[in-house]
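Below is one structure; the comments refer to it alone.
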Amino acid sequence: MKLYKISLAILLGIATLTACEDKLDLTNPNQQTTGSFGYTADDLEECVVAAYNHIRMEGTYARVGYTIDVCRGDEAWNSSQIWYQAFDDFNEAITDEIGQWSWRDWYYTINVCNFILSRTGDDDAQLSEQMRHIKGQALFIRGLAYFNLAAYYQNPALITDYNSYSTLNGLYASNIPEDGAYQYDLVFDQVEKDFQQAIGLLPSRDAGGEWAKGRATCGAAAGYYARALMMRHKYSEALTVLQDIINKKYGNYQLMANYGDNFREGAQYENNAESLFEIQFLDYGTQGTDDEWTPVNTSKNATQGSAIESNFGPGDCGGWADISASPWLYQLFKAERTVNGKLDPRLYWTIGTYEDDWEGFEYGNMCYTQQMGPTDYIVTNNNNGGLPIAKFTNLRTGLYDKVVTGLHDGINLRMMRYSDVLLRAAECENEVNGPTQRAIDWINEVRSRAQLAGLKLADFNSKDKLFEQIANVERPKEFGCEYGRGLDLIRWGFFYSEDRLLQLKEHGTFRRTTDKTTVKDPVYYENPFIDEQMKSSFDSYQQGHEFLPIYQGTLNDNPNLKGNSANEGTDNAEYFRAKGWTVHPVVNL
């Protein structure tokens, strides 16, 4: 024992002398750098969580990044006539910083994904199952980011190599392609590649656990891959992918029996069998206290909700009263009854009006906790009227009596539902093979849930007529006031055809009025200079402004960027037609 103590003392002395000669090198776990972090699967799992967190920021899907596209559609209008006005009127100024928020937040997201991908390597076969799943999620979220950037800004800079950031050329990436290529195509080439690769790396929702509770799956990647293909009219390729989803190659999806289950919060409703992908928000009563608007505005006490309800909610109920449903959409619902002679139940969950049919249906004629009567007219904005949007709000659920504005809406945003797969498959089938019974059957599967009579192939003697039914009846009633309509109008080329643009003006017509009794009345396109109450969002459409301009401050900061068609006021019809794409003519149904 004595010898042991002496030996120990000598060793300690030597260690002390050595320590005096060498610097002590310790890593502070609270100050991690890219040089020390990200080399283990556990580290990269944290990065994946960060990437998911970034897609629920204000510029991505928590507010502006979602509602801008709702405004761009013909199913909704800007009832505040202040916020979102320029987006709704298609004349967003290049100096308006709000238009840059989506650009900013999606590039934050891309940065996280690029870091993950820099650590996962190029050989997928050498990856463990956990690392395959990590890489697949990063590819999906990056594909989602560039899908949104291209759909909003037309020619965003394409940055995929994290290591290139060490030079100014990488940091200030260019959106000016070489050899006469078109940046929009280059970005969508990458989007398709990311989604396609993610399909092979991710499990299906059938794996259970977190794969059935909100993580990106092969089914989500396949659904978005089909969407990306359709943005460039690759209908045959998209049809194959959509058929695979329908045939359960990427997991078991089905329509919920109750349409309303897609627009409620709670574990029994969210991430259900109809959902391919949705944005996760904490339910009412489980949230923190701090609004986390941007990726740099972080807080451990973040509410982790969205502000969609704040934008949609009527002023009398505490909402910001920014966006209303169009009278055209309301009248579209009213034009067709179910097989039982009732209103389409999707109207109940889309627009918050009183209807006799709603007595005894679901929560009844509910506006938050207020029971409406036949003479009650709840308008969105007290100054400009408007039909209140019920989707992704608790207007119909009676959960609380008033909107708590800010990032407090706990209803998950269902970004892709199985009904979208069915209607897209019908559209692609119609584009490839003309009107067919198979296309009709897919449409009827969606109509059946709403208890509407099935369509008959004999009633559709042309591809154009079935397209009209899909584009301007089936899709608006199924997805009214949801994200995506603005993107559809661009890919269909409706801005490049006089008859389609006139149709958009008709659909987008609304009446600014404090007379609550007129908010349900049908309105038709009229010259706004004749009737000052009447207006159409599409009256002020400026050439090239189907896309958002790239913010001038961003162009000033990065000399390698150039503006897009909205910056320059150029017409995109030539690009559209040069691809061989055609705009379906308007058909009276």
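Identifiers in this document derive from the order of the structure tokens: chains are assigned A, B, ..., residues are numbered from 1 separately in each chain, and ligands are numbered from 1 in order of occurrence.
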
With 10 Å as the cut-off and only C-alpha atoms counted, what is the closest atom pair between each nearby residue of stretch 516-579 of chain A and stretch 131-155 of chain A? Distances in Å to one decimal, ordered by chain and number, as JSON lines.
{"residue": "A:Gly544", "atom": "CA", "partner": "A:Gln154", "partner_atom": "CA", "distance": 10.0}
{"residue": "A:His545", "atom": "CA", "partner": "A:Tyr153", "partner_atom": "CA", "distance": 9.7}
{"residue": "A:Glu546", "atom": "CA", "partner": "A:Tyr152", "partner_atom": "CA", "distance": 8.4}
{"residue": "A:Phe547", "atom": "CA", "partner": "A:Tyr152", "partner_atom": "CA", "distance": 5.4}
{"residue": "A:Leu548", "atom": "CA", "partner": "A:Tyr153", "partner_atom": "CA", "distance": 5.2}
{"residue": "A:Pro549", "atom": "CA", "partner": "A:Tyr153", "partner_atom": "CA", "distance": 6.3}
{"residue": "A:Ile550", "atom": "CA", "partner": "A:Tyr153", "partner_atom": "CA", "distance": 6.5}
{"residue": "A:Tyr551", "atom": "CA", "partner": "A:Tyr153", "partner_atom": "CA", "distance": 9.8}
{"residue": "A:Leu561", "atom": "CA", "partner": "A:Asn155", "partner_atom": "CA", "distance": 9.5}
{"residue": "A:Lys562", "atom": "CA", "partner": "A:Asn155", "partner_atom": "CA", "distance": 8.8}
{"residue": "A:Gly563", "atom": "CA", "partner": "A:Asn155", "partner_atom": "CA", "distance": 8.2}
{"residue": "A:Asn564", "atom": "CA", "partner": "A:Asn155", "partner_atom": "CA", "distance": 6.4}
{"residue": "A:Ser565", "atom": "CA", "partner": "A:Gln154", "partner_atom": "CA", "distance": 7.9}
{"residue": "A:Ala566", "atom": "CA", "partner": "A:Tyr153", "partner_atom": "CA", "distance": 8.6}

Output C-alpha atoms of each residue in that selection to a file, as an mmCIF file, in the first residue's frame.
data_model
loop_
_atom_site.group_PDB
_atom_site.id
_atom_site.type_symbol
_atom_site.label_atom_id
_atom_site.label_comp_id
_atom_site.auth_asym_id
_atom_site.auth_seq_id
_atom_site.Cartn_x
_atom_site.Cartn_y
_atom_site.Cartn_z
ATOM 1 C CA GLY A 544 -44.961 39.155 -64.317
ATOM 2 C CA HIS A 545 -46.472 39.633 -60.844
ATOM 3 C CA GLU A 546 -47.940 36.168 -60.638
ATOM 4 C CA PHE A 547 -44.590 35.741 -58.849
ATOM 5 C CA LEU A 548 -43.337 37.869 -55.960
ATOM 6 C CA PRO A 549 -40.487 40.253 -56.739
ATOM 7 C CA ILE A 550 -37.107 39.637 -55.159
ATOM 8 C CA TYR A 551 -36.704 42.293 -52.480
ATOM 9 C CA LEU A 561 -28.540 38.199 -58.009
ATOM 10 C CA LYS A 562 -30.829 39.566 -60.676
ATOM 11 C CA GLY A 563 -34.529 40.327 -60.379
ATOM 12 C CA ASN A 564 -37.312 38.166 -61.736
ATOM 13 C CA SER A 565 -40.321 38.869 -63.927
ATOM 14 C CA ALA A 566 -42.034 40.839 -61.141
#

* Asked: Could you pull out the helix (DSSP H, G or I) residues of stretch 27-229 of chain A from DSSP and send them as a ChimeraX atom specification?
  -> /A:41-54,58-62,64-72,85-88,97-120,124-126,129-153,162-166,168-171,183-201,205-207,209-212,218-229

* Surrounding residues of stretch 237-247 of chain A excluding itself and chain neighbours under 2 positions, 12 Å, only C-alpha atoms, as a count of residues only -> 53

Excluding stretch 301-311 of chain A and residues on its chain fewer than 6 positions from it, collect all residues at most 6 Å away from it, counting only C-alpha atoms, and give them as a tab-separated table (two decimals) with all heavy atoms, in the first residue's frame.
chain	number	residue	atom	x	y	z
A	62	ALA	N	-46.06	29.53	-40.76
A	62	ALA	CA	-46.81	29.97	-39.58
A	62	ALA	C	-47.70	31.18	-39.82
A	62	ALA	O	-48.64	31.41	-39.08
A	62	ALA	CB	-45.86	30.26	-38.42
A	63	ARG	N	-47.41	31.96	-40.84
A	63	ARG	CA	-48.28	33.08	-41.17
A	63	ARG	C	-48.08	33.50	-42.63
A	63	ARG	O	-48.71	32.97	-43.52
A	63	ARG	CB	-48.06	34.28	-40.23
A	63	ARG	CG	-49.01	35.44	-40.58
A	63	ARG	CD	-49.11	36.54	-39.54
A	63	ARG	NE	-47.93	37.34	-39.39
A	63	ARG	CZ	-47.96	38.66	-39.13
A	63	ARG	NH1	-49.11	39.28	-39.00
A	63	ARG	NH2	-46.86	39.34	-38.98
A	281	PHE	N	-48.17	21.87	-34.89
A	281	PHE	CA	-48.30	22.97	-33.93
A	281	PHE	C	-48.86	22.41	-32.62
A	281	PHE	O	-49.65	21.46	-32.63
A	281	PHE	CB	-49.22	24.06	-34.47
A	281	PHE	CG	-48.70	24.75	-35.71
A	281	PHE	CD1	-49.32	24.57	-36.93
A	281	PHE	CD2	-47.57	25.55	-35.65
A	281	PHE	CE1	-48.84	25.20	-38.08
A	281	PHE	CE2	-47.07	26.17	-36.80
A	281	PHE	CZ	-47.72	25.99	-38.01
A	282	LEU	N	-48.45	23.01	-31.50
A	282	LEU	CA	-48.93	22.55	-30.20
A	282	LEU	C	-50.39	22.92	-30.01
A	282	LEU	O	-50.82	24.02	-30.36
A	282	LEU	CB	-48.09	23.16	-29.08
A	282	LEU	CG	-46.67	22.62	-28.91
A	282	LEU	CD1	-46.00	23.27	-27.70
A	282	LEU	CD2	-46.66	21.11	-28.75
A	287	GLN	N	-49.29	25.27	-24.96
A	287	GLN	CA	-48.26	26.10	-25.58
A	287	GLN	C	-47.49	26.93	-24.56
A	287	GLN	O	-47.92	27.09	-23.41
A	287	GLN	CB	-48.90	27.03	-26.61
A	287	GLN	CG	-49.61	26.30	-27.72
A	287	GLN	CD	-50.38	27.23	-28.66
A	287	GLN	OE1	-50.48	28.42	-28.39
A	287	GLN	NE2	-50.90	26.70	-29.74
A	288	GLY	N	-46.36	27.46	-25.02
A	288	GLY	CA	-45.59	28.40	-24.22
A	288	GLY	C	-46.19	29.79	-24.30
A	288	GLY	O	-47.34	29.97	-24.70
A	289	THR	N	-45.38	30.77	-23.97
A	289	THR	CA	-45.90	32.15	-23.89
A	289	THR	C	-45.29	33.10	-24.91
A	289	THR	O	-45.81	34.20	-25.11
A	289	THR	CB	-45.62	32.71	-22.48
A	289	THR	OG1	-44.21	32.64	-22.21
A	289	THR	CG2	-46.39	31.92	-21.43
A	290	ASP	N	-44.18	32.71	-25.55
A	290	ASP	CA	-43.45	33.64	-26.42
A	290	ASP	C	-43.70	33.35	-27.89
A	290	ASP	O	-43.53	32.22	-28.35
A	290	ASP	CB	-41.94	33.55	-26.15
A	290	ASP	CG	-41.58	33.89	-24.71
A	290	ASP	OD1	-42.36	34.61	-24.07
A	290	ASP	OD2	-40.53	33.42	-24.24
A	291	ASP	N	-44.10	34.38	-28.64
A	291	ASP	CA	-44.24	34.23	-30.09
A	291	ASP	C	-42.85	34.17	-30.74
A	291	ASP	O	-42.02	35.05	-30.52
A	291	ASP	CB	-45.02	35.41	-30.68
A	291	ASP	CG	-46.51	35.32	-30.39
A	291	ASP	OD1	-46.97	34.21	-30.08
A	291	ASP	OD2	-47.19	36.35	-30.48
A	292	GLU	N	-42.62	33.15	-31.52
A	292	GLU	CA	-41.32	32.91	-32.16
A	292	GLU	C	-41.50	33.12	-33.65
A	292	GLU	O	-41.72	32.18	-34.41
A	292	GLU	CB	-40.86	31.48	-31.85
A	292	GLU	CG	-39.44	31.16	-32.26
A	292	GLU	CD	-39.07	29.73	-31.89
A	292	GLU	OE1	-39.79	28.80	-32.27
A	292	GLU	OE2	-38.05	29.56	-31.22
A	319	GLY	N	-60.07	38.40	-34.12
A	319	GLY	CA	-59.11	38.15	-35.18
A	319	GLY	C	-58.61	39.41	-35.84
A	319	GLY	O	-59.16	40.51	-35.64
A	320	TRP	N	-57.58	39.26	-36.67
A	320	TRP	CA	-57.04	40.40	-37.41
A	320	TRP	C	-57.87	40.72	-38.65
A	320	TRP	O	-57.67	41.76	-39.28
A	320	TRP	CB	-55.59	40.12	-37.81
A	320	TRP	CG	-54.65	40.16	-36.66
A	320	TRP	CD1	-54.77	40.91	-35.53
A	320	TRP	CD2	-53.42	39.43	-36.53
A	320	TRP	NE1	-53.69	40.69	-34.69
A	320	TRP	CE2	-52.84	39.79	-35.27
A	320	TRP	CE3	-52.74	38.52	-37.32
A	320	TRP	CZ2	-51.63	39.27	-34.83
A	320	TRP	CZ3	-51.54	37.99	-36.88
A	320	TRP	CH2	-50.99	38.37	-35.64
A	321	ALA	N	-58.79	39.82	-39.02
A	321	ALA	CA	-59.75	40.08	-40.10
A	321	ALA	C	-59.07	40.43	-41.42
A	321	ALA	O	-59.49	41.34	-42.12
A	321	ALA	CB	-60.72	41.19	-39.68
A	322	ASP	N	-58.01	39.70	-41.78
A	322	ASP	CA	-57.24	40.02	-42.98
A	322	ASP	C	-57.73	39.36	-44.26
A	322	ASP	O	-57.57	39.91	-45.34
A	322	ASP	CB	-55.77	39.63	-42.77
A	322	ASP	CG	-55.03	40.59	-41.87
A	322	ASP	OD1	-55.27	41.80	-41.98
A	322	ASP	OD2	-54.22	40.14	-41.04
A	393	THR	N	-59.21	27.20	-38.20
A	393	THR	CA	-59.57	28.03	-37.05
A	393	THR	C	-60.49	27.20	-36.16
A	393	THR	O	-60.97	26.12	-36.55
A	393	THR	CB	-60.32	29.31	-37.47
A	393	THR	OG1	-61.68	28.98	-37.78
A	393	THR	CG2	-59.67	29.97	-38.67
A	405	THR	N	-54.73	36.38	-30.56
A	405	THR	CA	-53.90	36.66	-31.73
A	405	THR	C	-52.43	36.40	-31.46
A	405	THR	O	-51.96	36.46	-30.32
A	405	THR	CB	-54.09	38.11	-32.21
A	405	THR	OG1	-53.87	39.00	-31.11
A	405	THR	CG2	-55.49	38.30	-32.75
A	406	GLY	N	-51.71	36.15	-32.53
A	406	GLY	CA	-50.30	35.77	-32.45
A	406	GLY	C	-50.15	34.33	-32.87
A	406	GLY	O	-51.00	33.77	-33.57
A	407	LEU	N	-49.09	33.71	-32.45
A	407	LEU	CA	-48.79	32.33	-32.86
A	407	LEU	C	-49.41	31.35	-31.86
A	407	LEU	O	-48.71	30.63	-31.14
A	407	LEU	CB	-47.28	32.13	-32.96
A	407	LEU	CG	-46.59	32.96	-34.04
A	407	LEU	CD1	-45.08	32.91	-33.89
A	407	LEU	CD2	-47.00	32.48	-35.43
A	408	HIS	N	-50.75	31.29	-31.83
A	408	HIS	CA	-51.44	30.48	-30.84
A	408	HIS	C	-52.40	29.45	-31.45
A	408	HIS	O	-52.97	28.66	-30.70
A	408	HIS	CB	-52.22	31.38	-29.88
A	408	HIS	CG	-51.35	32.23	-29.01
A	408	HIS	ND1	-50.77	31.78	-27.84
A	408	HIS	CD2	-50.93	33.51	-29.15
A	408	HIS	CE1	-50.05	32.74	-27.29
A	408	HIS	NE2	-50.13	33.81	-28.08
A	409	ASP	N	-52.59	29.47	-32.75
A	409	ASP	CA	-53.48	28.51	-33.38
A	409	ASP	C	-52.82	27.13	-33.33
A	409	ASP	O	-51.73	26.93	-33.88
A	409	ASP	CB	-53.75	28.93	-34.83
A	409	ASP	CG	-54.79	28.06	-35.52
A	409	ASP	OD1	-55.31	27.13	-34.88
A	409	ASP	OD2	-55.07	28.30	-36.70
A	410	GLY	N	-53.48	26.17	-32.70
A	410	GLY	CA	-52.87	24.85	-32.50
A	410	GLY	C	-53.25	23.81	-33.53
A	410	GLY	O	-52.84	22.65	-33.41

* In terms of the shortest atom-to-atom distance over only C-alpha atoms, which of A:Val296, A:Phe312, A:Thr570, A:Val404 is closest to A:Trp83? ->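 Closest candidate: A:Phe312.
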
Taking only residues of stretch 304-326 of chain A that have an atom at most 7 Å from an atom of stretch 378-384 of chain A, what is each one's shortest atom pair and its distance in Å to one decimal, using only C-alpha atoms, in chain and number order, as a tab-separated table?
residue	atom	partner	partner_atom	distance
A:Gly313	CA	A:Thr380	CA	6.7
A:Pro314	CA	A:Thr380	CA	4.0
A:Gly315	CA	A:Asn381	CA	5.6
A:Ala321	CA	A:Asn381	CA	5.0
A:Ser324	CA	A:Thr380	CA	6.3

* Give the answer as one residue: which of A:Asn114, A:Thr353, A:Arg500, A:Ala41 has the shortest atom-to-atom distance to A:Ser164, using only C-alpha atoms? => A:Asn114

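Taking only stretch 388-481 of chain A, the residues that DSSP calls strand (DSSP E) from the backbone come to Pro388, Leu413, Arg414, Met415, Met416 and Arg417 of chain A.
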
Put those residues in a file: N, CA, C and O atoms, as a PDB file, in the first residue's frame.
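Heads up, here's the output in selection28.pdb:
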ATOM      1  N   PRO A 388     -66.335  35.002 -43.476  1.00  0.00           N
ATOM      2  CA  PRO A 388     -65.233  34.498 -42.650  1.00  0.00           C
ATOM      3  C   PRO A 388     -64.815  33.086 -43.032  1.00  0.00           C
ATOM      4  O   PRO A 388     -65.654  32.226 -43.309  1.00  0.00           O
ATOM      5  N   LEU A 413     -51.469  22.392 -39.873  1.00  0.00           N
ATOM      6  CA  LEU A 413     -51.785  22.691 -41.265  1.00  0.00           C
ATOM      7  C   LEU A 413     -51.546  21.443 -42.100  1.00  0.00           C
ATOM      8  O   LEU A 413     -50.412  20.976 -42.242  1.00  0.00           O
ATOM      9  N   ARG A 414     -52.612  20.905 -42.645  1.00  0.00           N
ATOM     10  CA  ARG A 414     -52.482  19.731 -43.517  1.00  0.00           C
ATOM     11  C   ARG A 414     -52.047  20.229 -44.890  1.00  0.00           C
ATOM     12  O   ARG A 414     -52.849  20.740 -45.672  1.00  0.00           O
ATOM     13  N   MET A 415     -50.776  20.047 -45.204  1.00  0.00           N
ATOM     14  CA  MET A 415     -50.223  20.582 -46.440  1.00  0.00           C
ATOM     15  C   MET A 415     -50.488  19.691 -47.652  1.00  0.00           C
ATOM     16  O   MET A 415     -50.499  20.142 -48.780  1.00  0.00           O
ATOM     17  N   MET A 416     -50.677  18.391 -47.403  1.00  0.00           N
ATOM     18  CA  MET A 416     -51.043  17.492 -48.495  1.00  0.00           C
ATOM     19  C   MET A 416     -51.929  16.392 -47.941  1.00  0.00           C
ATOM     20  O   MET A 416     -51.555  15.697 -47.009  1.00  0.00           O
ATOM     21  N   ARG A 417     -53.103  16.269 -48.554  1.00  0.00           N
ATOM     22  CA  ARG A 417     -54.050  15.247 -48.134  1.00  0.00           C
ATOM     23  C   ARG A 417     -54.274  14.236 -49.258  1.00  0.00           C
ATOM     24  O   ARG A 417     -54.028  14.523 -50.435  1.00  0.00           O
TER      25      ARG A 417
END

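Taking atom CA of A:Gln370 and atom CA of A:Thr397 as endpoints, the distance between them is 10.8 Å.
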
Enumerate, in order of chain and increasing residue number, the residues of stretch 49-145 of chain A with an atom no farther than 12 Å from stretch 473-489 of chain A, each with its shortest atom pair and distance in Å to one decimal, counting only C-alpha atoms, as JSON lines.
{"residue": "A:Thr60", "atom": "CA", "partner": "A:Tyr483", "partner_atom": "CA", "distance": 11.7}
{"residue": "A:Tyr61", "atom": "CA", "partner": "A:Tyr483", "partner_atom": "CA", "distance": 9.5}
{"residue": "A:Ala62", "atom": "CA", "partner": "A:Tyr483", "partner_atom": "CA", "distance": 11.9}
{"residue": "A:Arg63", "atom": "CA", "partner": "A:Tyr483", "partner_atom": "CA", "distance": 11.2}
{"residue": "A:Val64", "atom": "CA", "partner": "A:Tyr483", "partner_atom": "CA", "distance": 11.2}
{"residue": "A:Gly65", "atom": "CA", "partner": "A:Tyr483", "partner_atom": "CA", "distance": 9.4}
{"residue": "A:Tyr66", "atom": "CA", "partner": "A:Tyr483", "partner_atom": "CA", "distance": 6.1}
{"residue": "A:Thr67", "atom": "CA", "partner": "A:Tyr483", "partner_atom": "CA", "distance": 7.1}
{"residue": "A:Ile68", "atom": "CA", "partner": "A:Tyr483", "partner_atom": "CA", "distance": 8.5}
{"residue": "A:Asp69", "atom": "CA", "partner": "A:Gly486", "partner_atom": "CA", "distance": 5.2}
{"residue": "A:Val70", "atom": "CA", "partner": "A:Tyr483", "partner_atom": "CA", "distance": 5.3}
{"residue": "A:Cys71", "atom": "CA", "partner": "A:Gly486", "partner_atom": "CA", "distance": 7.6}
{"residue": "A:Arg72", "atom": "CA", "partner": "A:Gly486", "partner_atom": "CA", "distance": 4.8}
{"residue": "A:Gly73", "atom": "CA", "partner": "A:Gly486", "partner_atom": "CA", "distance": 4.5}
{"residue": "A:Asp74", "atom": "CA", "partner": "A:Arg485", "partner_atom": "CA", "distance": 7.7}
{"residue": "A:Glu75", "atom": "CA", "partner": "A:Cys481", "partner_atom": "CA", "distance": 6.0}
{"residue": "A:Ala76", "atom": "CA", "partner": "A:Cys481", "partner_atom": "CA", "distance": 6.2}
{"residue": "A:Trp77", "atom": "CA", "partner": "A:Cys481", "partner_atom": "CA", "distance": 9.6}
{"residue": "A:Asn78", "atom": "CA", "partner": "A:Cys481", "partner_atom": "CA", "distance": 11.9}
{"residue": "A:Phe87", "atom": "CA", "partner": "A:Gly486", "partner_atom": "CA", "distance": 10.7}
{"residue": "A:Asp88", "atom": "CA", "partner": "A:Gly486", "partner_atom": "CA", "distance": 10.3}
{"residue": "A:Phe90", "atom": "CA", "partner": "A:Gly486", "partner_atom": "CA", "distance": 11.1}

Same residues, C-alpha atoms, saved as a PDB file, in the first residue's frame:
ATOM      1  CA  THR A  60     -42.486  29.540 -44.075  1.00  0.00           C
ATOM      2  CA  TYR A  61     -45.897  28.307 -42.891  1.00  0.00           C
ATOM      3  CA  ALA A  62     -46.809  29.966 -39.577  1.00  0.00           C
ATOM      4  CA  ARG A  63     -48.284  33.084 -41.175  1.00  0.00           C
ATOM      5  CA  VAL A  64     -47.065  35.071 -44.196  1.00  0.00           C
ATOM      6  CA  GLY A  65     -45.523  32.111 -46.036  1.00  0.00           C
ATOM      7  CA  TYR A  66     -48.890  30.339 -45.975  1.00  0.00           C
ATOM      8  CA  THR A  67     -51.370  33.181 -46.362  1.00  0.00           C
ATOM      9  CA  ILE A  68     -49.645  34.868 -49.321  1.00  0.00           C
ATOM     10  CA  ASP A  69     -50.644  31.952 -51.507  1.00  0.00           C
ATOM     11  CA  VAL A  70     -54.199  31.938 -50.122  1.00  0.00           C
ATOM     12  CA  CYS A  71     -54.408  35.591 -51.228  1.00  0.00           C
ATOM     13  CA  ARG A  72     -53.041  34.760 -54.671  1.00  0.00           C
ATOM     14  CA  GLY A  73     -55.959  32.408 -55.320  1.00  0.00           C
ATOM     15  CA  ASP A  74     -59.383  33.372 -56.629  1.00  0.00           C
ATOM     16  CA  GLU A  75     -61.121  31.784 -53.625  1.00  0.00           C
ATOM     17  CA  ALA A  76     -60.122  34.462 -51.117  1.00  0.00           C
ATOM     18  CA  TRP A  77     -59.539  38.195 -50.873  1.00  0.00           C
ATOM     19  CA  ASN A  78     -57.808  40.653 -48.555  1.00  0.00           C
ATOM     20  CA  PHE A  87     -50.074  40.276 -52.666  1.00  0.00           C
ATOM     21  CA  ASP A  88     -53.819  40.060 -53.232  1.00  0.00           C
ATOM     22  CA  PHE A  90     -50.637  41.261 -57.678  1.00  0.00           C
TER      23      PHE A  90
END

Set the distance at 10 Å and use only C-alpha atoms: which residues neighbour A:Phe495 once local chain neighbours fewer than 2 positions away are removed? I'd like the list as an mmCIF file with N, CA and C atoms, in the first residue's frame.
data_model
loop_
_atom_site.group_PDB
_atom_site.id
_atom_site.type_symbol
_atom_site.label_atom_id
_atom_site.label_comp_id
_atom_site.auth_asym_id
_atom_site.auth_seq_id
_atom_site.Cartn_x
_atom_site.Cartn_y
_atom_site.Cartn_z
ATOM 1 N N LEU A 489 -52.850 28.216 -60.274
ATOM 2 C CA LEU A 489 -53.165 29.199 -61.318
ATOM 3 C C LEU A 489 -51.945 29.486 -62.188
ATOM 4 N N ILE A 490 -50.755 29.454 -61.585
ATOM 5 C CA ILE A 490 -49.528 29.677 -62.350
ATOM 6 C C ILE A 490 -49.241 28.490 -63.263
ATOM 7 N N ARG A 491 -49.293 27.286 -62.713
ATOM 8 C CA ARG A 491 -48.935 26.122 -63.544
ATOM 9 C C ARG A 491 -49.954 25.872 -64.639
ATOM 10 N N TRP A 492 -51.206 26.275 -64.414
ATOM 11 C CA TRP A 492 -52.214 26.134 -65.465
ATOM 12 C C TRP A 492 -52.107 27.221 -66.526
ATOM 13 N N GLY A 493 -51.324 28.267 -66.262
ATOM 14 C CA GLY A 493 -51.145 29.332 -67.243
ATOM 15 C C GLY A 493 -52.311 30.289 -67.339
ATOM 16 N N SER A 497 -53.761 33.889 -70.624
ATOM 17 C CA SER A 497 -54.902 33.702 -71.518
ATOM 18 C C SER A 497 -55.958 34.744 -71.165
ATOM 19 N N GLU A 498 -56.452 35.459 -72.177
ATOM 20 C CA GLU A 498 -57.415 36.529 -71.918
ATOM 21 C C GLU A 498 -58.702 36.007 -71.291
ATOM 22 N N ASP A 499 -59.197 34.849 -71.790
ATOM 23 C CA ASP A 499 -60.460 34.359 -71.243
ATOM 24 C C ASP A 499 -60.272 33.820 -69.823
ATOM 25 N N ARG A 500 -59.106 33.235 -69.544
ATOM 26 C CA ARG A 500 -58.850 32.749 -68.184
ATOM 27 C C ARG A 500 -58.636 33.917 -67.219
ATOM 28 N N LEU A 501 -57.972 34.966 -67.662
ATOM 29 C CA LEU A 501 -57.759 36.119 -66.788
ATOM 30 C C LEU A 501 -59.085 36.801 -66.480
ATOM 31 N N LEU A 502 -59.979 36.856 -67.481
ATOM 32 C CA LEU A 502 -61.304 37.414 -67.234
ATOM 33 C C LEU A 502 -62.067 36.539 -66.244
ATOM 34 N N LEU A 504 -60.724 34.746 -63.863
ATOM 35 C CA LEU A 504 -60.162 35.024 -62.548
ATOM 36 C C LEU A 504 -60.737 36.308 -61.968
ATOM 37 N N PHE A 538 -57.929 40.739 -59.197
ATOM 38 C CA PHE A 538 -57.170 40.543 -60.427
ATOM 39 C C PHE A 538 -57.238 41.748 -61.361
ATOM 40 N N TYR A 541 -53.742 43.203 -61.546
ATOM 41 C CA TYR A 541 -52.632 42.300 -61.889
ATOM 42 C C TYR A 541 -51.669 42.983 -62.855
ATOM 43 N N GLN A 542 -50.401 42.971 -62.493
ATOM 44 C CA GLN A 542 -49.366 43.523 -63.354
ATOM 45 C C GLN A 542 -48.553 42.386 -63.966
ATOM 46 N N GLN A 543 -48.216 42.517 -65.209
ATOM 47 C CA GLN A 543 -47.476 41.503 -65.948
ATOM 48 C C GLN A 543 -46.249 41.035 -65.164
ATOM 49 N N GLY A 544 -46.100 39.730 -65.036
ATOM 50 C CA GLY A 544 -44.961 39.155 -64.317
ATOM 51 C C GLY A 544 -45.181 39.010 -62.828
ATOM 52 N N HIS A 545 -46.253 39.630 -62.285
ATOM 53 C CA HIS A 545 -46.472 39.633 -60.844
ATOM 54 C C HIS A 545 -47.284 38.449 -60.354
ATOM 55 N N GLU A 546 -47.437 37.418 -61.192
ATOM 56 C CA GLU A 546 -47.940 36.168 -60.638
ATOM 57 C C GLU A 546 -46.902 35.591 -59.672
ATOM 58 N N ASP A 571 -43.267 39.502 -69.274
ATOM 59 C CA ASP A 571 -44.335 38.527 -69.482
ATOM 60 C C ASP A 571 -43.743 37.121 -69.507
ATOM 61 N N ASN A 572 -44.353 36.187 -68.759
ATOM 62 C CA ASN A 572 -43.871 34.802 -68.719
ATOM 63 C C ASN A 572 -44.602 33.900 -69.713
ATOM 64 N N ALA A 573 -45.488 34.482 -70.507
ATOM 65 C CA ALA A 573 -46.251 33.673 -71.446
ATOM 66 C C ALA A 573 -45.338 32.993 -72.474
ATOM 67 N N VAL A 583 -52.886 26.426 -72.478
ATOM 68 C CA VAL A 583 -53.871 26.808 -71.480
ATOM 69 C C VAL A 583 -55.227 26.267 -71.931
#

* Structure fact -> Judged by only C-alpha atoms, the minimum distance to A:Leu117 among A:Asp261, A:Glu178, A:Asp194, A:Asp206 is found for A:Asp194

* Top pick for closest residue to A:Trp101, considering A:Asp357, A:Asp123, A:Glu58, A:Glu45 and counting only C-alpha atoms -> A:Glu58

* Asked: What does the distance from atom CA of A:Glu362 to atom CA of A:Arg264 come to in Å, to one decimal?
  ->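 For atom CA of A:Glu362 relative to atom CA of A:Arg264, the distance reads 12.2 Å.
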